[in-house]
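K.L.:
Below is the file input.pdb, which contains PDB, C-alpha atoms, pLDDT in the B column.
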```pdb
ATOM      1  CA  MET A 216     106.729  62.004  17.475  1.00 50.00           C
ATOM      2  CA  LYS A 217     103.130  63.031  17.793  1.00 57.00           C
ATOM      3  CA  ALA A 218     101.716  64.605  20.919  1.00 56.00           C
ATOM      4  CA  SER A 219      99.464  61.596  21.439  1.00 56.00           C
ATOM      5  CA  GLU A 220     102.492  59.316  21.311  1.00 63.00           C
ATOM      6  CA  VAL A 221     104.282  61.401  23.931  1.00 60.00           C
ATOM      7  CA  VAL A 222     101.280  61.279  26.260  1.00 59.00           C
ATOM      8  CA  GLY A 223     100.972  57.567  25.634  1.00 66.00           C
ATOM      9  CA  GLN A 224     104.612  57.005  26.579  1.00 68.00           C
ATOM     10  CA  ILE A 225     104.203  58.979  29.809  1.00 68.00           C
ATOM     11  CA  LYS A 226     101.027  57.105  30.729  1.00 68.00           C
ATOM     12  CA  ALA A 227     102.679  53.768  30.019  1.00 71.00           C
ATOM     13  CA  ALA A 228     105.620  54.660  32.263  1.00 68.00           C
ATOM     14  CA  VAL A 229     103.331  55.792  35.096  1.00 67.00           C
ATOM     15  CA  ASP A 230     101.178  52.659  34.781  1.00 69.00           C
ATOM     16  CA  GLU A 231     104.247  50.447  34.866  1.00 71.00           C
ATOM     17  CA  PHE A 232     105.533  52.248  37.947  1.00 64.00           C
ATOM     18  CA  ALA A 233     102.142  51.919  39.679  1.00 66.00           C
ATOM     19  CA  GLN A 234     102.136  48.157  39.067  1.00 69.00           C
ATOM     20  CA  THR A 235     105.220  47.843  41.289  1.00 67.00           C
ATOM     21  CA  GLY A 236     103.103  48.880  44.285  1.00 63.00           C
ATOM     22  CA  ASN A 237     104.162  52.513  44.539  1.00 62.00           C
ATOM     23  CA  SER A 238     101.651  55.325  44.880  1.00 61.00           C
ATOM     24  CA  ALA A 239     103.914  58.366  44.398  1.00 63.00           C
ATOM     25  CA  ILE A 240     106.725  59.214  41.991  1.00 64.00           C
ATOM     26  CA  PRO A 241     109.601  61.361  43.318  1.00 65.00           C
ATOM     27  CA  VAL A 242     109.723  64.664  41.455  1.00 59.00           C
ATOM     28  CA  GLN A 243     113.421  64.290  40.607  1.00 66.00           C
ATOM     29  CA  ASN A 244     112.885  60.894  39.003  1.00 66.00           C
ATOM     30  CA  MET A 245     109.910  62.130  37.003  1.00 67.00           C
ATOM     31  CA  GLN A 246     111.924  65.112  35.797  1.00 67.00           C
ATOM     32  CA  MET A 247     114.693  62.786  34.615  1.00 72.00           C
ATOM     33  CA  TYR A 248     112.240  60.685  32.658  1.00 69.00           C
ATOM     34  CA  LEU A 249     110.604  63.724  31.054  1.00 69.00           C
ATOM     35  CA  ASP A 250     114.017  65.162  30.176  1.00 73.00           C
ATOM     36  CA  GLY A 251     114.854  61.939  28.387  1.00 74.00           C
ATOM     37  CA  LEU A 252     111.542  61.901  26.588  1.00 70.00           C
ATOM     38  CA  LEU A 253     111.959  65.541  25.569  1.00 70.00           C
ATOM     39  CA  LYS A 254     115.465  64.859  24.294  1.00 73.00           C
ATOM     40  CA  THR A 255     114.256  61.971  22.152  1.00 70.00           C
ATOM     41  CA  THR A 256     111.414  64.064  20.736  1.00 68.00           C
ATOM     42  CA  GLN A 257     113.700  66.975  19.921  1.00 68.00           C
ATOM     43  CA  GLU A 258     116.218  64.690  18.243  1.00 67.00           C
ATOM     44  CA  ARG A 259     113.525  63.233  16.024  1.00 63.00           C
ATOM     45  CA  GLU A 260     112.176  66.667  15.142  1.00 61.00           C
ATOM     46  CA  SER A 261     115.469  68.470  14.423  1.00 63.00           C
ATOM     47  CA  SER A 262     117.962  65.826  13.333  1.00 55.00           C
ATOM     48  CA  ASN A 263     118.848  65.518   9.661  1.00 49.00           C
ATOM     49  CA  ALA A 264     119.044  61.787  10.161  1.00 49.00           C
ATOM     50  CA  PRO A 265     116.244  61.058  12.604  1.00 55.00           C
ATOM     51  CA  ILE A 266     116.435  57.917  14.663  1.00 59.00           C
ATOM     52  CA  SER A 267     114.098  55.102  13.881  1.00 64.00           C
ATOM     53  CA  GLU A 268     110.973  54.297  15.828  1.00 67.00           C
ATOM     54  CA  ALA A 269     112.618  51.183  17.213  1.00 71.00           C
ATOM     55  CA  GLN A 270     115.607  53.175  18.479  1.00 69.00           C
ATOM     56  CA  ALA A 271     113.384  55.763  20.112  1.00 68.00           C
ATOM     57  CA  GLN A 272     111.310  53.038  21.723  1.00 74.00           C
ATOM     58  CA  HIS A 273     114.469  51.332  22.979  1.00 72.00           C
ATOM     59  CA  GLN A 274     115.765  54.568  24.516  1.00 74.00           C
ATOM     60  CA  LEU A 275     112.443  55.226  26.197  1.00 74.00           C
ATOM     61  CA  GLU A 276     112.423  51.722  27.662  1.00 77.00           C
ATOM     62  CA  ILE A 277     115.870  52.377  29.113  1.00 77.00           C
ATOM     63  CA  TRP A 278     114.672  55.588  30.741  1.00 77.00           C
ATOM     64  CA  LYS A 279     111.550  53.896  32.075  1.00 75.00           C
ATOM     65  CA  THR A 280     113.669  51.142  33.626  1.00 77.00           C
ATOM     66  CA  GLN A 281     115.933  53.735  35.216  1.00 73.00           C
ATOM     67  CA  LEU A 282     112.904  55.611  36.556  1.00 73.00           C
ATOM     68  CA  VAL A 283     111.489  52.488  38.193  1.00 73.00           C
ATOM     69  CA  ALA A 284     114.875  51.504  39.621  1.00 72.00           C
ATOM     70  CA  ARG A 285     115.619  54.931  41.098  1.00 72.00           C
ATOM     71  CA  SER A 286     112.116  55.330  42.488  1.00 69.00           C
ATOM     72  CA  GLY A 287     112.215  51.867  44.040  1.00 71.00           C
ATOM     73  CA  MET A 288     115.582  52.597  45.631  1.00 72.00           C
ATOM     74  CA  THR A 289     114.272  55.900  47.014  1.00 67.00           C
ATOM     75  CA  VAL A 290     111.258  54.171  48.568  1.00 67.00           C
ATOM     76  CA  GLU A 291     113.359  51.378  50.089  1.00 73.00           C
ATOM     77  CA  MET A 292     115.862  53.841  51.539  1.00 74.00           C
ATOM     78  CA  PHE A 293     112.995  55.816  53.071  1.00 67.00           C
ATOM     79  CA  LYS A 294     111.559  52.627  54.603  1.00 75.00           C
ATOM     80  CA  ALA A 295     114.986  51.743  56.025  1.00 75.00           C
ATOM     81  CA  VAL A 296     115.345  55.185  57.621  1.00 74.00           C
ATOM     82  CA  VAL A 297     111.874  54.969  59.169  1.00 75.00           C
ATOM     83  CA  GLU A 298     112.548  51.474  60.520  1.00 82.00           C
ATOM     84  CA  ALA A 299     115.915  52.521  61.969  1.00 80.00           C
ATOM     85  CA  GLY A 300     114.313  55.507  63.704  1.00 78.00           C
ATOM     86  CA  GLN A 301     111.562  53.336  65.141  1.00 82.00           C
ATOM     87  CA  THR A 302     114.095  50.819  66.470  1.00 87.00           C
ATOM     88  CA  ALA A 303     116.184  53.585  68.072  1.00 85.00           C
ATOM     89  CA  LEU A 304     113.151  55.062  69.847  1.00 85.00           C
ATOM     90  CA  LYS A 305     112.080  51.648  71.132  1.00 89.00           C
ATOM     91  CA  SER A 306     115.593  51.095  72.461  1.00 89.00           C
ATOM     92  CA  ALA A 307     115.570  54.466  74.226  1.00 88.00           C
ATOM     93  CA  THR A 308     112.211  53.686  75.836  1.00 88.00           C
ATOM     94  CA  LEU A 309     113.356  50.252  77.010  1.00 91.00           C
ATOM     95  CA  LEU A 310     116.654  51.576  78.373  1.00 90.00           C
ATOM     96  CA  ASN A 311     115.141  54.407  80.391  1.00 90.00           C
ATOM     97  CA  GLY A 312     112.085  52.428  81.467  1.00 89.00           C
ATOM     98  CA  GLY A 313     114.184  49.444  82.542  1.00 90.00           C
ATOM     99  CA  ALA A 314     116.602  51.686  84.421  1.00 89.00           C
ATOM    100  CA  ALA A 315     113.712  53.416  86.216  1.00 87.00           C
ATOM    101  CA  VAL A 316     112.272  50.039  87.278  1.00 88.00           C
ATOM    102  CA  ALA A 317     115.705  48.927  88.500  1.00 86.00           C
ATOM    103  CA  MET A 318     116.023  52.135  90.518  1.00 83.00           C
ATOM    104  CA  LEU A 319     112.622  51.555  92.090  1.00 83.00           C
ATOM    105  CA  ALA A 320     113.634  48.025  93.069  1.00 84.00           C
ATOM    106  CA  PHE A 321     116.881  49.358  94.495  1.00 79.00           C
ATOM    107  CA  VAL A 322     115.049  52.009  96.496  1.00 77.00           C
ATOM    108  CA  GLY A 323     112.664  49.394  97.900  1.00 78.00           C
ATOM    109  CA  ASN A 324     115.581  47.218  98.970  1.00 79.00           C
ATOM    110  CA  ALA A 325     117.365  50.217 100.506  1.00 72.00           C
ATOM    111  CA  LEU A 326     114.303  51.147 102.559  1.00 72.00           C
ATOM    112  CA  THR A 327     114.214  47.631 103.961  1.00 76.00           C
ATOM    113  CA  ASN A 328     117.876  46.968 104.710  1.00 75.00           C
ATOM    114  CA  LEU A 329     119.654  50.300 105.264  1.00 67.00           C
ATOM    115  CA  ARG A 330     119.568  52.453 108.345  1.00 72.00           C
ATOM    116  CA  GLU A 331     119.683  56.194 108.894  1.00 72.00           C
ATOM    117  CA  PRO A 332     121.460  58.407 107.966  1.00 73.00           C
ATOM    118  CA  VAL A 333     122.850  56.286 105.107  1.00 67.00           C
ATOM    119  CA  ARG A 334     119.378  55.483 103.844  1.00 70.00           C
ATOM    120  CA  THR A 335     118.303  59.121 103.597  1.00 74.00           C
ATOM    121  CA  THR A 336     121.503  60.162 101.846  1.00 73.00           C
ATOM    122  CA  LEU A 337     121.299  57.320  99.335  1.00 73.00           C
ATOM    123  CA  LEU A 338     117.622  57.788  98.574  1.00 75.00           C
ATOM    124  CA  THR A 339     118.104  61.506  98.003  1.00 75.00           C
ATOM    125  CA  SER A 340     120.891  60.885  95.505  1.00 76.00           C
ATOM    126  CA  VAL A 341     119.243  57.938  93.761  1.00 80.00           C
ATOM    127  CA  GLY A 342     115.996  59.882  93.501  1.00 81.00           C
ATOM    128  CA  GLY A 343     117.766  62.290  91.161  1.00 84.00           C
ATOM    129  CA  ALA A 344     118.820  59.397  88.919  1.00 86.00           C
ATOM    130  CA  LEU A 345     115.269  58.054  88.911  1.00 87.00           C
ATOM    131  CA  PHE A 346     113.976  61.483  87.874  1.00 89.00           C
ATOM    132  CA  ILE A 347     116.480  61.630  84.996  1.00 91.00           C
ATOM    133  CA  PHE A 348     115.406  58.185  83.772  1.00 91.00           C
ATOM    134  CA  MET A 349     111.793  59.331  83.917  1.00 90.00           C
ATOM    135  CA  ILE A 350     112.647  62.354  81.755  1.00 93.00           C
ATOM    136  CA  GLY A 351     114.437  60.080  79.278  1.00 92.00           C
ATOM    137  CA  ALA A 352     111.410  57.800  78.972  1.00 90.00           C
ATOM    138  CA  GLY A 353     109.163  60.819  78.468  1.00 92.00           C
ATOM    139  CA  LEU A 354     111.452  62.253  75.785  1.00 93.00           C
ATOM    140  CA  SER A 355     111.379  58.997  73.835  1.00 91.00           C
ATOM    141  CA  GLY A 356     107.575  58.979  73.977  1.00 90.00           C
ATOM    142  CA  VAL A 357     107.326  62.571  72.756  1.00 93.00           C
ATOM    143  CA  SER A 358     109.896  61.793  70.050  1.00 91.00           C
ATOM    144  CA  THR A 359     107.714  58.929  68.819  1.00 90.00           C
ATOM    145  CA  ALA A 360     104.728  61.281  68.621  1.00 90.00           C
ATOM    146  CA  ALA A 361     106.769  63.896  66.726  1.00 90.00           C
ATOM    147  CA  ARG A 362     107.933  61.204  64.308  1.00 87.00           C
ATOM    148  CA  TYR A 363     104.335  60.199  63.603  1.00 87.00           C
ATOM    149  CA  LEU A 364     103.293  63.818  63.051  1.00 89.00           C
ATOM    150  CA  SER A 365     106.202  64.437  60.674  1.00 87.00           C
ATOM    151  CA  GLN A 366     105.145  61.447  58.547  1.00 83.00           C
ATOM    152  CA  ALA A 367     101.570  62.754  58.526  1.00 83.00           C
ATOM    153  CA  CYS A 368     102.826  66.122  57.261  1.00 84.00           C
ATOM    154  CA  TYR A 369     104.883  64.461  54.525  1.00 79.00           C
ATOM    155  CA  ALA A 370     101.848  62.413  53.483  1.00 78.00           C
ATOM    156  CA  ASN A 371      99.748  65.587  53.187  1.00 80.00           C
ATOM    157  CA  ALA A 372     102.548  67.250  51.204  1.00 77.00           C
ATOM    158  CA  ALA A 373     102.591  64.319  48.753  1.00 71.00           C
ATOM    159  CA  GLU A 374      98.835  64.611  48.196  1.00 72.00           C
ATOM    160  CA  GLN A 375      98.903  68.387  47.680  1.00 70.00           C
ATOM    161  CA  ASN A 376     101.460  69.442  45.075  1.00 65.00           C
ATOM    162  CA  PRO A 377     103.042  71.881  45.734  1.00 61.00           C
ATOM    163  CA  ALA A 378     102.636  71.930  49.513  1.00 67.00           C
ATOM    164  CA  PRO A 379     105.514  73.914  51.070  1.00 78.00           C
ATOM    165  CA  TYR A 380     103.509  74.460  54.256  1.00 81.00           C
ATOM    166  CA  TRP A 381     103.285  70.742  55.035  1.00 83.00           C
ATOM    167  CA  MET A 382     106.884  70.123  53.974  1.00 83.00           C
ATOM    168  CA  LYS A 383     108.150  72.792  56.388  1.00 88.00           C
ATOM    169  CA  TRP A 384     106.183  71.329  59.268  1.00 88.00           C
ATOM    170  CA  GLY A 385     107.336  67.838  58.354  1.00 85.00           C
ATOM    171  CA  MET A 386     110.999  68.883  58.371  1.00 88.00           C
ATOM    172  CA  ALA A 387     110.609  70.769  61.658  1.00 91.00           C
ATOM    173  CA  LEU A 388     108.939  67.817  63.375  1.00 90.00           C
ATOM    174  CA  GLN A 389     111.512  65.431  61.941  1.00 88.00           C
ATOM    175  CA  TRP A 390     114.400  67.389  63.437  1.00 91.00           C
ATOM    176  CA  ALA A 391     112.475  67.787  66.700  1.00 92.00           C
ATOM    177  CA  SER A 392     112.028  64.009  66.841  1.00 90.00           C
ATOM    178  CA  ILE A 393     115.748  63.475  66.281  1.00 90.00           C
ATOM    179  CA  ALA A 394     116.668  65.990  68.992  1.00 93.00           C
ATOM    180  CA  LEU A 395     114.247  64.405  71.478  1.00 93.00           C
ATOM    181  CA  GLY A 396     115.603  60.939  70.698  1.00 91.00           C
ATOM    182  CA  VAL A 397     119.175  62.100  71.305  1.00 93.00           C
ATOM    183  CA  GLY A 398     118.022  63.716  74.542  1.00 93.00           C
ATOM    184  CA  SER A 399     116.452  60.430  75.635  1.00 93.00           C
ATOM    185  CA  PHE A 400     119.714  58.519  75.162  1.00 93.00           C
ATOM    186  CA  ALA A 401     121.626  61.316  76.893  1.00 94.00           C
ATOM    187  CA  SER A 402     119.224  61.070  79.842  1.00 93.00           C
ATOM    188  CA  PHE A 403     119.959  57.371  80.178  1.00 92.00           C
ATOM    189  CA  PHE A 404     123.697  57.944  80.428  1.00 93.00           C
ATOM    190  CA  ALA A 405     123.250  60.936  82.742  1.00 92.00           C
ATOM    191  CA  GLY A 406     120.932  58.941  85.010  1.00 90.00           C
ATOM    192  CA  GLY A 407     123.326  56.000  85.067  1.00 89.00           C
ATOM    193  CA  TRP A 408     126.246  58.256  85.989  1.00 90.00           C
ATOM    194  CA  THR A 409     124.195  59.920  88.735  1.00 87.00           C
ATOM    195  CA  ALA A 410     123.204  56.538  90.187  1.00 84.00           C
ATOM    196  CA  TYR A 411     126.794  55.325  90.057  1.00 84.00           C
ATOM    197  CA  ARG A 412     128.104  58.421  91.843  1.00 83.00           C
ATOM    198  CA  SER A 413     125.405  58.082  94.472  1.00 76.00           C
ATOM    199  CA  ILE A 414     126.415  54.528  95.290  1.00 75.00           C
ATOM    200  CA  VAL A 415     130.196  54.951  95.337  1.00 75.00           C
ATOM    201  CA  ARG A 416     129.926  57.935  97.705  1.00 70.00           C
ATOM    202  CA  LEU A 417     128.526  55.732 100.492  1.00 61.00           C
TER     203      LEU A 417
END
```
Would you mind writing the file's structure down as C-alpha coordinates?

P.N.:
Amino acid sequence: MKASEVVGQIKAAVDEFAQTGNSAIPVQNMQMYLDGLLKTTQERESSNAPISEAQAQHQLEIWKTQLVARSGMTVEMFKAVVEAGQTALKSATLLNGGAAVAMLAFVGNALTNLREPVRTTLLTSVGGALFIFMIGAGLSGVSTAARYLSQACYANAAEQNPAPYWMKWGMALQWASIALGVGSFASFFAGGWTAYRSIVRL
(Lines of atoms letter the chains of each structure in order from A and count residues from 1; the text may use other names and numbers.)
(Lines give C-alpha, C1' and ligand atoms only; values in the text may rest on other atoms or scores of the structure.)
Protein backbone atom coordinates (compact mmCIF):
# COMPACT_ATOMS: atom_id res chain seq x y z
CA MET A 1 0.00 0.00 0.00
CA LYS A 2 1.37 3.36 -0.98
CA ALA A 3 1.89 6.16 1.49
CA SER A 4 -0.73 8.25 -0.29
CA GLU A 5 -3.23 5.42 0.09
CA VAL A 6 -2.54 5.20 3.82
CA VAL A 7 -3.05 8.94 4.27
CA GLY A 8 -6.19 8.74 2.18
CA GLN A 9 -7.59 5.96 4.37
CA ILE A 10 -6.89 7.95 7.54
CA LYS A 11 -8.48 11.09 6.10
CA ALA A 12 -11.53 9.15 4.98
CA ALA A 13 -11.97 7.68 8.46
CA VAL A 14 -11.62 11.09 10.13
CA ASP A 15 -14.06 12.69 7.68
CA GLU A 16 -16.58 9.93 8.28
CA PHE A 17 -16.24 10.35 12.03
CA ALA A 18 -16.67 14.14 11.75
CA GLN A 19 -19.90 13.68 9.79
CA THR A 20 -21.46 12.02 12.84
CA GLY A 21 -21.28 15.35 14.68
CA ASN A 22 -18.19 14.71 16.79
CA SER A 23 -15.36 17.20 17.02
CA ALA A 24 -12.72 15.13 18.85
CA ILE A 25 -11.49 11.55 18.53
CA PRO A 26 -10.43 9.76 21.74
CA VAL A 27 -6.73 8.91 21.59
CA GLN A 28 -7.32 5.25 22.45
CA ASN A 29 -9.77 4.80 19.60
CA MET A 30 -7.47 6.51 17.13
CA GLN A 31 -4.59 4.31 18.24
CA MET A 32 -6.71 1.21 17.65
CA TYR A 33 -7.56 2.33 14.14
CA LEU A 34 -3.94 3.14 13.30
CA ASP A 35 -2.81 -0.21 14.71
CA GLY A 36 -5.24 -1.94 12.40
CA LEU A 37 -4.13 0.11 9.44
CA LEU A 38 -0.48 -0.58 10.24
CA LYS A 39 -1.16 -4.29 10.54
CA THR A 40 -2.86 -4.38 7.15
CA THR A 41 0.01 -2.47 5.54
CA GLN A 42 2.64 -4.73 7.07
CA GLU A 43 0.77 -7.84 5.98
CA ARG A 44 0.64 -6.60 2.41
CA GLU A 45 4.32 -5.68 2.43
CA SER A 46 5.75 -8.83 4.06
CA SER A 47 3.34 -11.66 3.28
CA ASN A 48 4.27 -14.20 0.63
CA ALA A 49 0.62 -14.31 -0.34
CA PRO A 50 -0.52 -10.72 0.06
CA ILE A 51 -4.18 -10.05 0.56
CA SER A 52 -6.14 -8.50 -2.22
CA GLU A 53 -7.12 -4.87 -2.40
CA ALA A 54 -10.73 -5.79 -1.76
CA GLN A 55 -9.81 -7.72 1.39
CA ALA A 56 -7.69 -4.88 2.70
CA GLN A 57 -10.47 -2.41 1.98
CA HIS A 58 -12.97 -4.67 3.75
CA GLN A 59 -10.75 -4.92 6.84
CA LEU A 60 -10.26 -1.18 6.93
CA GLU A 61 -14.01 -0.62 6.73
CA ILE A 62 -14.45 -2.93 9.71
CA TRP A 63 -11.91 -0.95 11.72
CA LYS A 64 -13.49 2.35 10.71
CA THR A 65 -16.90 1.10 11.84
CA GLN A 66 -15.43 -0.01 15.15
CA LEU A 67 -13.74 3.37 15.58
CA VAL A 68 -17.00 5.25 15.03
CA ALA A 69 -18.93 2.91 17.33
CA ARG A 70 -16.43 3.12 20.19
CA SER A 71 -16.04 6.88 19.86
CA GLY A 72 -19.81 7.37 19.80
CA MET A 73 -20.22 5.20 22.89
CA THR A 74 -17.49 7.16 24.69
CA VAL A 75 -19.19 10.47 23.89
CA GLU A 76 -22.63 9.22 24.97
CA MET A 77 -21.27 7.83 28.23
CA PHE A 78 -19.58 11.17 28.92
CA LYS A 79 -22.86 13.01 28.25
CA ALA A 80 -24.70 10.64 30.60
CA VAL A 81 -22.17 11.24 33.39
CA VAL A 82 -22.41 15.02 32.96
CA GLU A 83 -26.22 14.91 32.99
CA ALA A 84 -26.28 12.69 36.09
CA GLY A 85 -23.93 15.06 37.91
CA GLN A 86 -26.04 18.06 36.96
CA THR A 87 -29.22 16.35 38.20
CA ALA A 88 -27.57 15.41 41.51
CA LEU A 89 -26.40 18.98 42.13
CA LYS A 90 -29.85 20.38 41.34
CA SER A 91 -31.37 17.90 43.78
CA ALA A 92 -28.91 18.92 46.50
CA THR A 93 -29.71 22.60 45.96
CA LEU A 94 -33.46 21.99 46.08
CA LEU A 95 -33.23 19.81 49.18
CA ASN A 96 -31.14 22.23 51.22
CA GLY A 97 -32.89 25.33 49.92
CA GLY A 98 -36.34 23.86 50.56
CA ALA A 99 -35.33 22.74 54.04
CA ALA A 100 -33.96 26.21 54.84
CA VAL A 101 -37.23 27.83 53.72
CA ALA A 102 -39.21 25.34 55.82
CA MET A 103 -37.05 26.17 58.84
CA LEU A 104 -37.64 29.88 58.32
CA ALA A 105 -41.40 29.30 58.19
CA PHE A 106 -41.17 27.18 61.32
CA VAL A 107 -39.19 29.87 63.13
CA GLY A 108 -41.75 32.51 62.15
CA ASN A 109 -44.58 30.36 63.48
CA ALA A 110 -42.65 29.66 66.69
CA LEU A 111 -42.08 33.37 67.31
CA THR A 112 -45.81 33.96 67.01
CA ASN A 113 -47.24 31.07 69.02
CA LEU A 114 -44.64 29.92 71.57
CA ARG A 115 -43.77 31.56 74.84
CA GLU A 116 -40.55 31.90 76.80
CA PRO A 117 -38.44 30.00 77.72
CA VAL A 118 -39.56 27.32 75.24
CA ARG A 119 -39.32 29.73 72.34
CA THR A 120 -35.72 30.72 73.07
CA THR A 121 -34.61 27.12 73.53
CA LEU A 122 -36.28 25.98 70.32
CA LEU A 123 -35.02 28.86 68.22
CA THR A 124 -31.47 28.34 69.43
CA SER A 125 -31.54 24.67 68.46
CA VAL A 126 -33.37 25.16 65.16
CA GLY A 127 -31.00 27.97 64.24
CA GLY A 128 -28.20 25.41 64.11
CA ALA A 129 -30.20 23.29 61.66
CA LEU A 130 -30.91 26.34 59.52
CA PHE A 131 -27.18 27.14 59.44
CA ILE A 132 -26.37 23.58 58.33
CA PHE A 133 -28.94 23.78 55.52
CA MET A 134 -27.40 27.07 54.44
CA ILE A 135 -23.96 25.43 54.28
CA GLY A 136 -25.41 22.58 52.22
CA ALA A 137 -26.95 24.98 49.71
CA GLY A 138 -23.65 26.86 49.47
CA LEU A 139 -21.70 23.63 48.92
CA SER A 140 -23.97 22.62 46.05
CA GLY A 141 -23.47 26.03 44.43
CA VAL A 142 -19.69 25.83 44.74
CA SER A 143 -19.80 22.25 43.44
CA THR A 144 -21.66 23.45 40.34
CA ALA A 145 -18.98 26.08 39.75
CA ALA A 146 -16.19 23.51 40.18
CA ARG A 147 -17.96 21.21 37.72
CA TYR A 148 -18.09 23.99 35.13
CA LEU A 149 -14.41 24.81 35.63
CA SER A 150 -13.41 21.15 35.29
CA GLN A 151 -15.22 20.93 31.94
CA ALA A 152 -13.48 24.11 30.81
CA CYS A 153 -10.11 22.56 31.68
CA TYR A 154 -10.95 19.38 29.78
CA ALA A 155 -12.00 21.45 26.76
CA ASN A 156 -8.66 23.30 26.81
CA ALA A 157 -6.83 19.98 27.15
CA ALA A 158 -8.64 18.64 24.06
CA GLU A 159 -7.61 21.68 22.02
CA GLN A 160 -3.96 21.55 23.11
CA ASN A 161 -2.42 18.11 22.60
CA PRO A 162 -0.65 17.15 24.80
CA ALA A 163 -1.92 19.31 27.66
CA PRO A 164 -1.10 17.61 30.99
CA TYR A 165 -1.45 20.92 32.84
CA TRP A 166 -5.12 21.31 31.91
CA MET A 167 -5.84 17.62 32.46
CA LYS A 168 -4.46 17.78 36.01
CA TRP A 169 -6.56 20.81 36.85
CA GLY A 170 -9.61 19.20 35.28
CA MET A 171 -9.20 16.04 37.36
CA ALA A 172 -8.60 18.04 40.55
CA LEU A 173 -11.69 20.19 40.02
CA GLN A 174 -13.75 17.13 39.11
CA TRP A 175 -12.92 15.40 42.38
CA ALA A 176 -13.46 18.66 44.27
CA SER A 177 -16.92 18.95 42.71
CA ILE A 178 -17.76 15.39 43.74
CA ALA A 179 -16.57 15.99 47.31
CA LEU A 180 -18.57 19.23 47.58
CA GLY A 181 -21.68 17.51 46.22
CA VAL A 182 -21.36 14.71 48.78
CA GLY A 183 -20.88 17.34 51.48
CA SER A 184 -24.07 19.09 50.36
CA PHE A 185 -26.14 15.91 50.72
CA ALA A 186 -24.48 15.18 54.06
CA SER A 187 -25.42 18.69 55.24
CA PHE A 188 -29.06 18.03 54.39
CA PHE A 189 -29.18 14.89 56.52
CA ALA A 190 -27.20 16.53 59.34
CA GLY A 191 -29.52 19.55 59.32
CA GLY A 192 -32.60 17.34 59.30
CA TRP A 193 -31.30 15.32 62.25
CA THR A 194 -30.46 18.50 64.17
CA ALA A 195 -33.95 19.91 63.56
CA TYR A 196 -35.55 16.64 64.61
CA ARG A 197 -33.55 16.48 67.84
CA SER A 198 -34.42 20.09 68.59
CA ILE A 199 -38.13 19.43 68.31
CA VAL A 200 -38.33 16.15 70.24
CA ARG A 201 -36.40 17.65 73.17
CA LEU A 202 -39.24 20.11 73.91

K.L.:
Identify which of the residues A:Ser402, A:Thr327, A:Thr255, A:Thr336 lies closest to Ala307 (chain A), counting only C-alpha atoms when measuring atom-to-atom distances.

P.N.:
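Of all the options, A:Ser402 lies closest to Ala307 (chain A).
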
K.L.:
Find, counting all atoms listed in the file, the residue in A:Glu331, A:Gly396, A:Gly300, A:Leu345 that gets nearest to Val316 (chain A).

P.N.:
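Among A:Glu331, A:Gly396, A:Gly300, A:Leu345, it is A:Leu345 that comes nearest to Val316 (chain A).
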
K.L.:
Could you name the residues that touch Val341 (chain A) at 10 Å or less, counting all atoms listed in the file, but leaving out those on the same chain fewer than 6 positions away, as a CSV table (one decimal) with C-alpha atoms, in the coordinates of the input?

P.N.:
```
chain,number,residue,atom,x,y,z
A,318,MET,CA,116.0,52.1,90.5
A,319,LEU,CA,112.6,51.6,92.1
A,321,PHE,CA,116.9,49.4,94.5
A,322,VAL,CA,115.0,52.0,96.5
A,335,THR,CA,118.3,59.1,103.6
A,347,ILE,CA,116.5,61.6,85.0
A,406,GLY,CA,120.9,58.9,85.0
A,407,GLY,CA,123.3,56.0,85.1
A,409,THR,CA,124.2,59.9,88.7
A,410,ALA,CA,123.2,56.5,90.2
A,411,TYR,CA,126.8,55.3,90.1
A,412,ARG,CA,128.1,58.4,91.8
A,413,SER,CA,125.4,58.1,94.5
A,414,ILE,CA,126.4,54.5,95.3
```

K.L.:
Can you tell me which residues surround Val297 (chain A) at a distance of at most 12 Å, considering only C-alpha atoms, apart from same-chain residues fewer than 3 positions away, and format the answer as a count of residues only?

P.N.:
18

K.L.:
If you measure from CA of Ala315 (chain A) to CA of Ala391 (chain A), what distance in Å do you get, rounded to one decimal?

P.N.:
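The value is 24.3 Å.
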
K.L.:
Quick one: of A:Ala387, A:Leu252, A:Ala314, A:Val283, who's nearest to Phe348 (chain A), counting all atoms listed in the file?

P.N.:
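Among the listed residues, the smallest separation from Phe348 (chain A) belongs to A:Ala314.
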
K.L.:
Which residues are close to Met382 (chain A), i.e. within 8 Å by all atoms listed in the file, leaving aside same-chain residues fewer than 2 positions away? Reply as a ChimeraX atom specification.

P.N.:
/A:368-369,372,378-380,384-386

K.L.:
Report, in Å to a single decimal, how far apart CA of Asn311 (chain A) and CA of Phe403 (chain A) are.

P.N.:
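If I compute the distance from CA of Phe403 (chain A) to CA of Asn311 (chain A), I get 5.7 Å.
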
K.L.:
Do you have the CA of Gly398 (chain A)-CA of Leu364 (chain A) distance handy?

P.N.:
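For CA of Gly398 (chain A) relative to CA of Leu364 (chain A), the distance reads 18.7 Å.
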
K.L.:
Taking into account only C-alpha atoms, which residue in the set A:Ala320, A:Ala370, A:Met247, A:Ala325 is nearest to Leu282 (chain A)?

P.N.:
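Nearest candidate to Leu282 (chain A) out of A:Ala320, A:Ala370, A:Met247, A:Ala325: A:Met247.
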
K.L.:
Check the smallest atom-to-atom distance from each of A:Ala344, A:Leu338, A:Met288, A:Ala317 to Trp408 (chain A) using all atoms listed in the file, then report the winner.

P.N.:
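Using all atoms listed in the file, Trp408 (chain A) sits closest to A:Ala344.
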